[in-house]
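As provided, coords31.cif (mmCIF, C-alpha atoms) reads as follows.
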data_my_file
loop_
_atom_site.group_PDB
_atom_site.id
_atom_site.type_symbol
_atom_site.label_atom_id
_atom_site.label_comp_id
_atom_site.auth_asym_id
_atom_site.auth_seq_id
_atom_site.Cartn_x
_atom_site.Cartn_y
_atom_site.Cartn_z
ATOM 1 C CA MET K 12 28.777 -6.150 9.853
ATOM 2 C CA ALA K 13 28.244 -9.605 8.364
ATOM 3 C CA GLY K 14 31.842 -10.541 9.188
ATOM 4 C CA VAL K 15 31.310 -9.720 12.852
ATOM 5 C CA LEU K 16 28.094 -11.713 13.032
ATOM 6 C CA LYS K 17 29.737 -14.833 11.657
ATOM 7 C CA LYS K 18 32.164 -14.956 14.577
ATOM 8 C CA VAL K 19 29.474 -14.546 17.258
ATOM 9 C CA GLY K 20 27.341 -17.521 18.375
ATOM 10 C CA VAL K 21 23.707 -17.909 17.322
ATOM 11 C CA GLU K 22 22.103 -17.026 20.673
ATOM 12 C CA VAL K 23 24.157 -13.861 20.953
ATOM 13 C CA THR K 24 23.165 -12.680 17.462
ATOM 14 C CA GLN K 25 19.563 -13.198 18.442
ATOM 15 C CA MET K 26 20.113 -11.089 21.514
ATOM 16 C CA ILE K 27 21.765 -8.352 19.477
ATOM 17 C CA CYS K 28 18.939 -8.328 16.919
ATOM 18 C CA ILE K 29 16.426 -7.206 19.527
ATOM 19 C CA ASN K 30 18.385 -4.058 20.320
ATOM 20 C CA ILE K 31 19.367 -3.095 16.790
ATOM 21 C CA ASN K 32 16.820 -0.985 14.947
ATOM 22 C CA ASN K 33 15.014 -2.886 12.224
ATOM 23 C CA LYS K 34 16.251 -0.377 9.698
ATOM 24 C CA ALA K 35 19.773 -1.739 10.306
ATOM 25 C CA ASN K 36 21.229 1.764 10.724
ATOM 26 C CA MET K 37 20.022 2.890 7.305
ATOM 27 C CA THR K 38 17.887 5.956 6.814
ATOM 28 C CA THR K 39 14.396 6.930 7.831
ATOM 29 C CA GLY K 40 13.874 8.257 4.322
ATOM 30 C CA LEU K 41 13.178 11.744 5.675
ATOM 31 C CA VAL K 42 15.694 14.537 5.338
ATOM 32 C CA GLY K 43 17.211 15.657 8.625
ATOM 33 C CA LEU K 44 15.642 12.873 10.688
ATOM 34 C CA ALA K 45 18.189 10.320 11.839
ATOM 35 C CA VAL K 46 17.365 6.749 12.781
ATOM 36 C CA SER K 47 17.064 6.595 16.556
ATOM 37 C CA GLN K 48 18.971 3.883 18.371
ATOM 38 C CA ASN K 49 16.667 3.477 21.361
ATOM 39 C CA PRO K 50 13.187 4.617 20.387
ATOM 40 C CA HIS K 51 11.374 2.791 23.185
ATOM 41 C CA GLU K 52 13.590 4.328 25.823
ATOM 42 C CA ARG K 53 13.308 7.794 24.330
ATOM 43 C CA LEU K 54 9.516 7.559 24.061
ATOM 44 C CA ARG K 55 9.273 6.290 27.616
ATOM 45 C CA ILE K 56 11.236 9.278 28.890
ATOM 46 C CA LEU K 57 9.278 11.782 26.809
ATOM 47 C CA TYR K 58 5.859 10.413 27.718
ATOM 48 C CA SER K 59 6.632 10.374 31.427
ATOM 49 C CA LYS K 60 7.878 13.968 31.180
ATOM 50 C CA ILE K 61 4.680 15.023 29.393
ATOM 51 C CA LEU K 62 2.527 13.332 32.021
ATOM 52 C CA ALA K 63 4.534 15.025 34.765
ATOM 53 C CA SER K 64 4.053 18.484 33.245
ATOM 54 C CA LEU K 65 0.339 17.775 32.761
ATOM 55 C CA GLN K 66 -0.034 17.207 36.492
ATOM 56 C CA THR K 67 0.351 20.928 37.114
ATOM 57 C CA ILE K 68 -2.756 21.702 35.039
ATOM 58 C CA PRO K 69 -6.119 21.635 36.858
ATOM 59 C CA LYS K 70 -7.871 18.304 36.531
ATOM 60 C CA ASP K 71 -10.997 19.569 34.800
ATOM 61 C CA ALA K 72 -9.120 21.230 31.911
ATOM 62 C CA ALA K 73 -10.033 19.598 28.616
ATOM 63 C CA TYR K 74 -6.438 19.796 27.406
ATOM 64 C CA ARG K 75 -5.281 17.714 30.346
ATOM 65 C CA THR K 76 -7.948 15.017 29.949
ATOM 66 C CA TYR K 77 -7.558 14.586 26.221
ATOM 67 C CA THR K 78 -3.781 14.717 26.205
ATOM 68 C CA GLU K 79 -3.495 12.343 29.144
ATOM 69 C CA GLN K 80 -5.757 9.889 27.365
ATOM 70 C CA LEU K 81 -3.740 10.145 24.169
ATOM 71 C CA ILE K 82 -0.357 9.878 25.871
ATOM 72 C CA ASN K 83 -1.446 6.996 28.086
ATOM 73 C CA ASP K 84 -2.689 5.050 25.084
ATOM 74 C CA ARG K 85 0.607 5.548 23.276
ATOM 75 C CA PHE K 86 2.596 4.826 26.395
ATOM 76 C CA ASP K 87 0.774 1.505 26.886
ATOM 77 C CA LEU K 88 1.473 0.589 23.281
ATOM 78 C CA VAL K 89 5.145 1.421 23.701
ATOM 79 C CA LYS K 90 5.351 -0.651 26.894
ATOM 80 C CA SER K 91 3.594 -3.642 25.405
ATOM 81 C CA GLU K 92 5.191 -3.858 21.965
ATOM 82 C CA PRO K 93 8.950 -4.393 21.726
ATOM 83 C CA ASP K 94 9.064 -4.757 17.960
ATOM 84 C CA ILE K 95 9.531 -1.414 16.246
ATOM 85 C CA GLU K 96 7.677 -2.020 13.008
ATOM 86 C CA LYS K 97 4.618 -3.449 14.729
ATOM 87 C CA LEU K 98 4.666 -0.539 17.152
ATOM 88 C CA GLU K 99 4.713 1.917 14.231
ATOM 89 C CA ARG K 100 1.738 0.167 12.706
ATOM 90 C CA LYS K 101 -0.195 0.133 15.975
ATOM 91 C CA ILE K 102 0.386 3.794 16.745
ATOM 92 C CA ASN K 103 -0.409 4.524 13.086
ATOM 93 C CA CYS K 104 1.242 7.922 12.973
ATOM 94 C CA GLY K 105 4.214 7.488 10.684
ATOM 95 C CA GLN K 106 7.674 6.236 11.531
ATOM 96 C CA ILE K 107 8.866 5.872 15.085
ATOM 97 C CA GLU K 108 11.234 8.813 14.660
ATOM 98 C CA GLU K 109 8.272 10.952 13.650
ATOM 99 C CA VAL K 110 6.399 9.735 16.726
ATOM 100 C CA ILE K 111 9.380 10.857 18.822
ATOM 101 C CA VAL K 112 9.246 14.310 17.204
ATOM 102 C CA GLN K 113 5.509 14.503 17.932
ATOM 103 C CA ALA K 114 6.169 13.647 21.560
ATOM 104 C CA GLU K 115 8.860 16.324 21.826
ATOM 105 C CA ASN K 116 6.470 18.890 20.365
ATOM 106 C CA GLU K 117 3.736 17.823 22.750
ATOM 107 C CA LEU K 118 6.141 18.224 25.648
ATOM 108 C CA SER K 119 7.074 21.786 24.722
ATOM 109 C CA LEU K 120 3.406 22.552 24.098
ATOM 110 C CA SER K 121 2.337 21.258 27.508
ATOM 111 C CA ARG K 122 4.933 23.469 29.189
ATOM 112 C CA LYS K 123 3.643 26.514 27.339
ATOM 113 C CA MET K 124 0.032 25.582 28.116
ATOM 114 C CA VAL K 125 0.867 25.696 31.805
ATOM 115 C CA GLU K 126 2.028 29.268 31.208
ATOM 116 C CA TRP K 127 -0.893 30.446 29.062
ATOM 117 C CA LYS K 128 -3.753 28.674 30.858
ATOM 118 C CA PRO K 129 -6.123 28.436 27.887
ATOM 119 C CA TRP K 130 -8.792 26.569 29.886
ATOM 120 C CA GLU K 131 -9.962 29.790 31.507
ATOM 121 C CA PRO K 132 -13.192 31.302 30.180
ATOM 122 C CA LEU K 133 -13.197 33.626 27.195
ATOM 123 C CA ILE K 134 -11.064 36.777 27.605
ATOM 124 C CA GLU K 135 -13.362 39.075 25.691
ATOM 125 C CA GLU K 136 -16.509 38.642 23.678
ATOM 126 C CA PRO K 137 -16.251 39.869 20.093
ATOM 127 C CA PRO K 138 -18.008 43.149 19.294
ATOM 128 C CA THR K 139 -21.532 42.673 17.948
ATOM 129 C CA ASN K 140 -21.697 41.786 14.275
ATOM 130 C CA GLN K 141 -17.983 41.118 14.205
ATOM 131 C CA TRP K 142 -18.366 37.663 12.701
ATOM 132 C CA LYS K 143 -21.570 38.322 10.819
ATOM 133 C CA TRP K 144 -21.260 37.355 7.187
ATOM 134 C CA PRO K 145 -22.652 38.558 4.768
ATOM 135 C CA ILE K 146 -22.537 41.992 6.406
ATOM 136 C CA MET S 28 -14.718 33.985 -14.959
ATOM 137 C CA ALA S 29 -16.063 35.115 -18.317
ATOM 138 C CA SER S 30 -16.091 31.567 -19.610
ATOM 139 C CA SER S 31 -18.328 30.486 -16.774
ATOM 140 C CA LEU S 32 -20.886 33.120 -17.684
ATOM 141 C CA CYS S 33 -21.560 31.848 -21.204
ATOM 142 C CA ARG S 34 -22.398 28.195 -21.281
ATOM 143 C CA PHE S 35 -21.770 26.497 -24.563
ATOM 144 C CA VAL S 36 -24.236 23.733 -25.264
ATOM 145 C CA ARG S 37 -22.143 21.048 -26.847
ATOM 146 C CA GLY S 38 -23.569 17.770 -28.034
ATOM 147 C CA GLY S 39 -27.052 19.109 -28.626
ATOM 148 C CA PHE S 40 -29.934 19.767 -26.268
ATOM 149 C CA SER S 41 -30.385 16.157 -25.220
ATOM 150 C CA ARG S 42 -27.796 16.523 -22.460
ATOM 151 C CA ASN S 43 -28.868 16.241 -18.861
ATOM 152 C CA PHE S 44 -28.924 19.689 -17.246
ATOM 153 C CA SER S 45 -29.041 18.574 -13.592
ATOM 154 C CA SER S 46 -27.160 20.963 -11.400
ATOM 155 C CA THR S 47 -23.401 20.650 -11.029
ATOM 156 C CA VAL S 48 -23.439 21.593 -7.380
ATOM 157 C CA ARG S 49 -20.991 19.542 -5.291
ATOM 158 C CA PRO S 50 -22.873 16.792 -3.420
ATOM 159 C CA LYS S 51 -23.057 17.339 0.314
ATOM 160 C CA ASP S 52 -20.424 15.298 2.165
ATOM 161 C CA GLU S 53 -21.971 14.694 5.556
ATOM 162 C CA VAL S 54 -19.189 12.507 6.880
ATOM 163 C CA THR S 55 -16.410 15.055 6.377
ATOM 164 C CA HIS S 56 -18.700 17.799 7.647
ATOM 165 C CA ASN S 57 -19.348 15.912 10.872
ATOM 166 C CA GLN S 58 -15.701 15.040 11.341
ATOM 167 C CA LEU S 59 -14.682 18.664 10.900
ATOM 168 C CA SER S 60 -17.349 19.962 13.252
ATOM 169 C CA ALA S 61 -16.297 17.376 15.857
ATOM 170 C CA PHE S 62 -12.711 18.545 15.538
ATOM 171 C CA GLY S 63 -13.854 22.157 15.791
ATOM 172 C CA GLU S 64 -15.656 21.352 19.034
ATOM 173 C CA TYR S 65 -12.525 19.629 20.280
ATOM 174 C CA ILE S 66 -10.477 22.785 19.690
ATOM 175 C CA ALA S 67 -13.134 24.994 21.260
ATOM 176 C CA GLU S 68 -13.173 22.755 24.329
ATOM 177 C CA ILE S 69 -9.419 22.830 24.798
ATOM 178 C CA LEU S 70 -8.953 26.574 24.188
ATOM 179 C CA PRO S 71 -12.055 28.316 25.542
ATOM 180 C CA LYS S 72 -9.989 31.342 26.530
ATOM 181 C CA TYR S 73 -9.414 32.429 22.939
ATOM 182 C CA VAL S 74 -11.947 30.677 20.711
ATOM 183 C CA GLN S 75 -15.039 32.802 20.114
ATOM 184 C CA GLN S 76 -16.747 30.883 17.364
ATOM 185 C CA VAL S 77 -16.287 27.775 15.251
ATOM 186 C CA GLN S 78 -18.012 27.072 11.976
ATOM 187 C CA VAL S 79 -17.828 24.649 9.086
ATOM 188 C CA THR S 80 -18.712 26.159 5.746
ATOM 189 C CA CYS S 81 -20.854 24.391 3.191
ATOM 190 C CA PHE S 82 -17.684 23.517 1.271
ATOM 191 C CA ASN S 83 -16.426 21.561 4.300
ATOM 192 C CA GLU S 84 -13.898 24.137 5.478
ATOM 193 C CA LEU S 85 -13.353 24.471 9.197
ATOM 194 C CA GLU S 86 -13.018 28.040 10.482
ATOM 195 C CA VAL S 87 -12.100 28.995 14.027
ATOM 196 C CA MET S 88 -12.632 32.594 15.145
ATOM 197 C CA ILE S 89 -10.345 33.681 17.951
ATOM 198 C CA HIS S 90 -9.576 36.736 20.022
ATOM 199 C CA PRO S 91 -6.495 38.625 18.721
ATOM 200 C CA ASP S 92 -4.546 37.971 21.947
ATOM 201 C CA GLY S 93 -4.649 34.287 21.199
ATOM 202 C CA VAL S 94 -2.924 34.209 17.827
ATOM 203 C CA VAL S 95 0.370 32.720 19.019
ATOM 204 C CA PRO S 96 -1.122 30.243 21.562
ATOM 205 C CA VAL S 97 -3.680 28.890 19.118
ATOM 206 C CA LEU S 98 -1.234 28.587 16.216
ATOM 207 C CA LEU S 99 1.304 26.908 18.488
ATOM 208 C CA PHE S 100 -1.289 24.498 19.804
ATOM 209 C CA LEU S 101 -2.360 23.562 16.293
ATOM 210 C CA ARG S 102 1.243 23.080 15.240
ATOM 211 C CA ASP S 103 2.466 21.023 18.176
ATOM 212 C CA HIS S 104 -0.489 19.032 19.466
ATOM 213 C CA THR S 105 -0.394 15.392 18.388
ATOM 214 C CA ASN S 106 -4.060 15.336 17.375
ATOM 215 C CA ALA S 107 -3.715 18.457 15.220
ATOM 216 C CA GLN S 108 -0.331 18.619 13.533
ATOM 217 C CA PHE S 109 -0.974 21.653 11.345
ATOM 218 C CA LYS S 110 2.652 22.248 10.496
ATOM 219 C CA ASN S 111 2.103 24.211 7.283
ATOM 220 C CA LEU S 112 1.021 27.812 7.171
ATOM 221 C CA THR S 113 -0.280 27.915 3.630
ATOM 222 C CA ASP S 114 -1.717 31.403 3.638
ATOM 223 C CA GLN S 115 -1.986 34.521 5.737
ATOM 224 C CA THR S 116 -4.157 37.419 4.609
ATOM 225 C CA ALA S 117 -6.355 40.183 5.892
ATOM 226 C CA VAL S 118 -9.839 41.158 4.828
ATOM 227 C CA ASP S 119 -10.846 44.802 5.023
ATOM 228 C CA ILE S 120 -14.496 45.356 5.883
ATOM 229 C CA PRO S 121 -14.706 49.117 6.417
ATOM 230 C CA SER S 122 -18.152 49.106 7.997
ATOM 231 C CA ARG S 123 -17.036 47.044 10.982
ATOM 232 C CA GLN S 124 -15.642 48.457 14.183
ATOM 233 C CA ASN S 125 -12.605 46.164 13.950
ATOM 234 C CA ARG S 126 -12.012 46.713 10.337
ATOM 235 C CA PHE S 127 -9.434 44.105 9.454
ATOM 236 C CA GLU S 128 -10.075 40.392 9.705
ATOM 237 C CA LEU S 129 -6.815 38.448 9.775
ATOM 238 C CA VAL S 130 -6.979 35.003 8.234
ATOM 239 C CA TYR S 131 -4.463 32.175 8.717
ATOM 240 C CA ASN S 132 -4.822 29.038 6.600
ATOM 241 C CA LEU S 133 -3.121 25.949 7.981
ATOM 242 C CA LEU S 134 -2.559 22.511 6.483
ATOM 243 C CA SER S 135 -1.879 19.254 8.302
ATOM 244 C CA LEU S 136 0.133 16.819 6.216
ATOM 245 C CA ARG S 137 -0.226 14.021 8.758
ATOM 246 C CA PHE S 138 -4.034 14.102 8.797
ATOM 247 C CA ASN S 139 -4.579 15.677 5.359
ATOM 248 C CA SER S 140 -6.838 18.439 6.530
ATOM 249 C CA ARG S 141 -7.010 22.194 6.502
ATOM 250 C CA ILE S 142 -8.201 24.775 8.973
ATOM 251 C CA ARG S 143 -8.701 28.500 8.969
ATOM 252 C CA ILE S 144 -8.022 30.783 11.922
ATOM 253 C CA LYS S 145 -9.624 34.212 11.929
ATOM 254 C CA THR S 146 -8.911 37.180 14.172
ATOM 255 C CA TYR S 147 -9.821 40.809 14.054
ATOM 256 C CA THR S 148 -8.132 44.130 14.641
ATOM 257 C CA ASP S 149 -8.637 47.778 13.823
ATOM 258 C CA GLU S 150 -6.200 50.204 12.223
ATOM 259 C CA LEU S 151 -4.342 51.101 15.365
ATOM 260 C CA THR S 152 -3.938 47.921 17.405
ATOM 261 C CA PRO S 153 -0.953 45.726 16.629
ATOM 262 C CA VAL S 154 -1.352 41.953 16.630
ATOM 263 C CA ASP S 155 1.370 39.510 17.655
ATOM 264 C CA SER S 156 3.423 38.230 14.783
ATOM 265 C CA ALA S 157 2.991 34.606 13.756
ATOM 266 C CA VAL S 158 6.661 34.337 12.819
ATOM 267 C CA PRO S 159 7.781 32.668 16.103
ATOM 268 C CA VAL S 160 5.383 29.837 15.276
ATOM 269 C CA HIS S 161 5.612 29.590 11.500
ATOM 270 C CA LEU S 162 8.568 31.060 9.654
ATOM 271 C CA ALA S 163 6.454 31.301 6.502
ATOM 272 C CA ALA S 164 4.516 34.148 8.067
ATOM 273 C CA ASN S 165 7.510 36.438 7.607
ATOM 274 C CA TRP S 166 6.771 37.139 3.959
ATOM 275 C CA TYR S 167 3.011 37.289 4.399
ATOM 276 C CA GLU S 168 3.290 39.772 7.208
ATOM 277 C CA ARG S 169 5.223 42.132 5.053
ATOM 278 C CA GLU S 170 2.331 42.201 2.621
ATOM 279 C CA VAL S 171 -0.323 42.632 5.290
ATOM 280 C CA ARG S 172 1.432 45.638 6.775
ATOM 281 C CA TYR S 173 -0.617 48.805 6.467
ATOM 282 C CA ASP S 174 1.013 51.233 4.089
ATOM 283 C CA ASP S 175 1.147 54.369 6.182
ATOM 284 C CA GLU S 176 4.270 54.434 8.307
ATOM 285 C CA VAL S 177 2.514 55.693 11.416
ATOM 286 C CA LYS S 178 -0.447 53.311 11.453
ATOM 287 C CA ARG S 179 0.368 49.636 11.769
ATOM 288 C CA VAL S 180 -1.864 46.601 11.683
ATOM 289 C CA VAL S 181 0.552 43.759 12.307
ATOM 290 C CA ALA S 182 3.650 43.907 14.468
ATOM 291 C CA GLU S 183 6.600 43.401 12.191
ATOM 292 C CA PRO S 184 9.602 41.192 12.881
ATOM 293 C CA VAL S 185 12.774 43.050 13.806
ATOM 294 C CA GLU S 186 14.473 42.066 10.535
ATOM 295 C CA LEU S 187 11.864 43.980 8.546
ATOM 296 C CA SER S 188 12.729 47.344 9.981
ATOM 297 C CA GLN S 189 16.199 47.082 8.500
ATOM 298 C CA GLU S 190 15.052 46.237 4.981
ATOM 299 C CA PHE S 191 14.166 49.781 4.049
ATOM 300 C CA ARG S 192 17.611 51.271 4.547
ATOM 301 C CA LYS S 193 18.418 54.009 2.076
ATOM 302 C CA PHE S 194 21.740 54.096 0.315
ATOM 303 C CA ASP S 195 23.544 57.414 0.115
ATOM 304 C CA LEU S 196 24.566 57.340 -3.544
ATOM 305 C CA ASN S 197 26.598 60.547 -3.251
ATOM 306 C CA SER S 198 29.387 58.817 -1.426
ATOM 307 C CA PRO S 199 30.764 55.338 -2.058
ATOM 308 C CA TRP S 200 30.396 54.355 1.590
ATOM 309 C CA GLU S 201 27.447 52.275 2.679
ATOM 310 C CA VAL S 202 25.601 53.484 5.769
ATOM 311 C CA PHE S 203 25.083 51.192 8.746
ATOM 312 C CA PRO S 204 22.029 48.967 8.320
ATOM 313 C CA ALA S 205 20.065 50.408 11.229
ATOM 314 C CA HIS S 206 20.906 53.981 10.298
ATOM 315 C CA ARG S 207 17.874 56.149 9.644
ATOM 316 C CA GLU S 208 18.513 59.201 7.525
ATOM 317 C CA SER S 209 17.190 62.505 8.808
ATOM 318 C CA LYS S 210 14.661 64.204 6.589
ATOM 319 C CA ASP S 211 16.876 67.119 5.512
ATOM 320 C CA THR S 212 19.623 65.085 3.787
ATOM 321 C CA PRO S 213 19.799 66.062 0.119
ATOM 322 C CA LYS S 214 18.057 63.638 -2.246
ATOM 323 C CA LEU S 215 19.876 62.451 -5.311
ATOM 324 C CA GLU S 216 18.018 63.519 -8.433
#

Full structure transcribed into structure tokens:
Amino acid sequence: MAGVLKKVGVEVTQMICININNKANMTTGLVGLAVSQNPHERLRILYSKILASLQTIPKDAAYRTYTEQLINDRFDLVKSEPDIEKLERKINCGQIEEVIVQAENELSLSRKMVEWKPWEPLIEEPPTNQWKWPI
Amino acid sequence: MASSLCRFVRGGFSRNFSSTVRPKDEVTHNQLSAFGEYIAEILPKYVQQVQVTCFNELEVMIHPDGVVPVLLFLRDHTNAQFKNLTDQTAVDIPSRQNRFELVYNLLSLRFNSRIRIKTYTDELTPVDSAVPVHLAANWYEREVRYDDEVKRVVAEPVELSQEFRKFDLNSPWEVFPAHRESKDTPKLE
């Protein structure tokens, strides 16, 4: 790696440094979680997919409002901050690979929410004294 | 338990006997109740009641149809990453109409907080298994299963039904795993 960099000119190494992950292809420190090569790109794709699947939910559903707010905040941070470590600190939710996993989970959850429709009113009231404690 | 009943007075009677009750932590209490309201707002279809106990434990009471949706929401949502199922039990209160109260305890490592999900069921209605959401529920659901073979409380995963295969010790051949012996095969004494 160092041998290659010596041959390349200074401006080019600076260009390369922006694309290479700060962890220099080492580990995230977490078992089973590989360092991602293009976290910004991946997050951009995931967040736009989540927002697209949220569009199918009615506008007044609390899940849609809260999740849209959350995803838009993170999306703006991802768009504004090119440096990975500063982005991790701003989002404040662990490493960027963990943030990617959270976004993937949120995406699968939003698809299932469209199916289940949990914003509808209560299915069935509990029987009287069901939750009364002490009896 | 017995040691807490007899209090040894060490160091003489000049000690301060102010109560050792845990001081009330308003901040955590308010945070938990705010989070409980958040959950109740997002999932009004299943959530019947939310409460925070005096020990600052958040409990969410849901309808039994909503076990899988609520557990999946709590596991996957970014604001509530409760990835650990620490405990799954049932409480038997015979005087109630829905006798069994299923309890799921979840832990969020990201936000360092716990939550309890409670549902209800009677002896004859099966409840959806939590195993598709949390693999840890597999073992707990075996314990919660009602003993009598006819009456079931919790739907069991398919793998469970093959655990109780009986070996025919008369012959050296092992029966197929899904084979159920008829009642009139001779028992080995």

Tell me which residues the PyMOL selection byres ((chain K and resi 130) around 8) grabs here, as an mmCIF file with C-alpha atoms, in the coordinates of the input.
data_model
loop_
_atom_site.group_PDB
_atom_site.id
_atom_site.type_symbol
_atom_site.label_atom_id
_atom_site.label_comp_id
_atom_site.auth_asym_id
_atom_site.auth_seq_id
_atom_site.Cartn_x
_atom_site.Cartn_y
_atom_site.Cartn_z
ATOM 1 C CA ALA K 72 -9.120 21.230 31.911
ATOM 2 C CA ALA K 73 -10.033 19.598 28.616
ATOM 3 C CA TYR K 74 -6.438 19.796 27.406
ATOM 4 C CA LYS K 128 -3.753 28.674 30.858
ATOM 5 C CA PRO K 129 -6.123 28.436 27.887
ATOM 6 C CA GLU K 131 -9.962 29.790 31.507
ATOM 7 C CA PRO K 132 -13.192 31.302 30.180
ATOM 8 C CA ILE S 69 -9.419 22.830 24.798
ATOM 9 C CA LEU S 70 -8.953 26.574 24.188
ATOM 10 C CA PRO S 71 -12.055 28.316 25.542
ATOM 11 C CA LYS S 72 -9.989 31.342 26.530
#

* Leaving out Asp114 in chain S and any residue of its chain fewer than 6 positions from it, which residues lie within 12 Å of it when counting only C-alpha atoms, given as number ranges by chain? -> S: 129-134, 141-145, 157, 161-168, 170-171

* To do: List the residues selected by the PyMOL selection byres ((chain K) within 10 of (chain S)) in the file shown, writing them as a ChimeraX atom specification.
  => /K:72-78,81-82,104-105,110,112-121,123-124,127-143,146

* What separation in Å, quoted to one decimal, exists between CA of Val79 in chain S and CA of Val158 in chain S? ->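 These two atoms are separated by 26.6 Å.
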
* Asked: Quick one: which residues end up in the PyMOL selection byres ((chain S and resi 78) around 10) for this structure, as a ChimeraX atom specification?
  -> /S:59-60,63-64,76-77,79-81,83-88,143

* Counting all atoms listed in the file, the residue of S:Ser156, S:Gln58, S:Asn111, S:Ser45 that sits nearest Ser135 in chain S ->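 Using all atoms listed in the file, Ser135 in chain S sits closest to S:Asn111.
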
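For the atom pair formed by CA of Phe109 in chain S and CA of Asn49 in chain K, the distance is 27.2 Å, given to one decimal.
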
Can you save range 153-158 of chain S of the given block to a file, including all heavy atoms and formatted as a short mmCIF file (atom, residue, chain, number, x, y, z; two decimals), in the first residue's frame?
data_model
loop_
_atom_site.label_atom_id
_atom_site.label_comp_id
_atom_site.auth_asym_id
_atom_site.auth_seq_id
_atom_site.Cartn_x
_atom_site.Cartn_y
_atom_site.Cartn_z
N PRO S 153 -54.12 -20.33 21.12
CA PRO S 153 -52.68 -20.23 20.90
C PRO S 153 -52.28 -18.80 20.56
O PRO S 153 -53.05 -18.04 20.00
CB PRO S 153 -52.43 -21.15 19.70
CG PRO S 153 -53.72 -21.16 18.98
CD PRO S 153 -54.80 -20.94 19.97
N VAL S 154 -51.04 -18.46 20.90
CA VAL S 154 -50.49 -17.15 20.61
C VAL S 154 -49.36 -17.35 19.60
O VAL S 154 -48.70 -18.38 19.63
CB VAL S 154 -49.95 -16.49 21.90
CG1 VAL S 154 -49.26 -15.19 21.61
CG2 VAL S 154 -51.06 -16.31 22.89
N ASP S 155 -49.14 -16.38 18.74
CA ASP S 155 -48.05 -16.51 17.76
C ASP S 155 -46.71 -16.63 18.47
O ASP S 155 -46.47 -15.99 19.49
CB ASP S 155 -48.00 -15.27 16.86
CG ASP S 155 -49.14 -15.28 15.87
OD1 ASP S 155 -49.59 -16.39 15.52
OD2 ASP S 155 -49.57 -14.20 15.46
N SER S 156 -45.86 -17.44 17.89
CA SER S 156 -44.54 -17.63 18.49
C SER S 156 -43.66 -16.42 18.23
O SER S 156 -43.74 -15.79 17.19
CB SER S 156 -43.91 -18.87 17.88
OG SER S 156 -42.57 -18.94 18.23
N ALA S 157 -42.82 -16.11 19.20
CA ALA S 157 -41.89 -14.97 19.03
C ALA S 157 -40.61 -15.39 18.33
O ALA S 157 -39.72 -14.56 18.11
CB ALA S 157 -41.56 -14.38 20.39
N VAL S 158 -40.50 -16.66 17.97
CA VAL S 158 -39.24 -17.16 17.40
C VAL S 158 -38.87 -16.49 16.07
O VAL S 158 -37.69 -16.23 15.85
CB VAL S 158 -39.30 -18.69 17.25
CG1 VAL S 158 -38.15 -19.21 16.45
CG2 VAL S 158 -39.29 -19.34 18.62
#
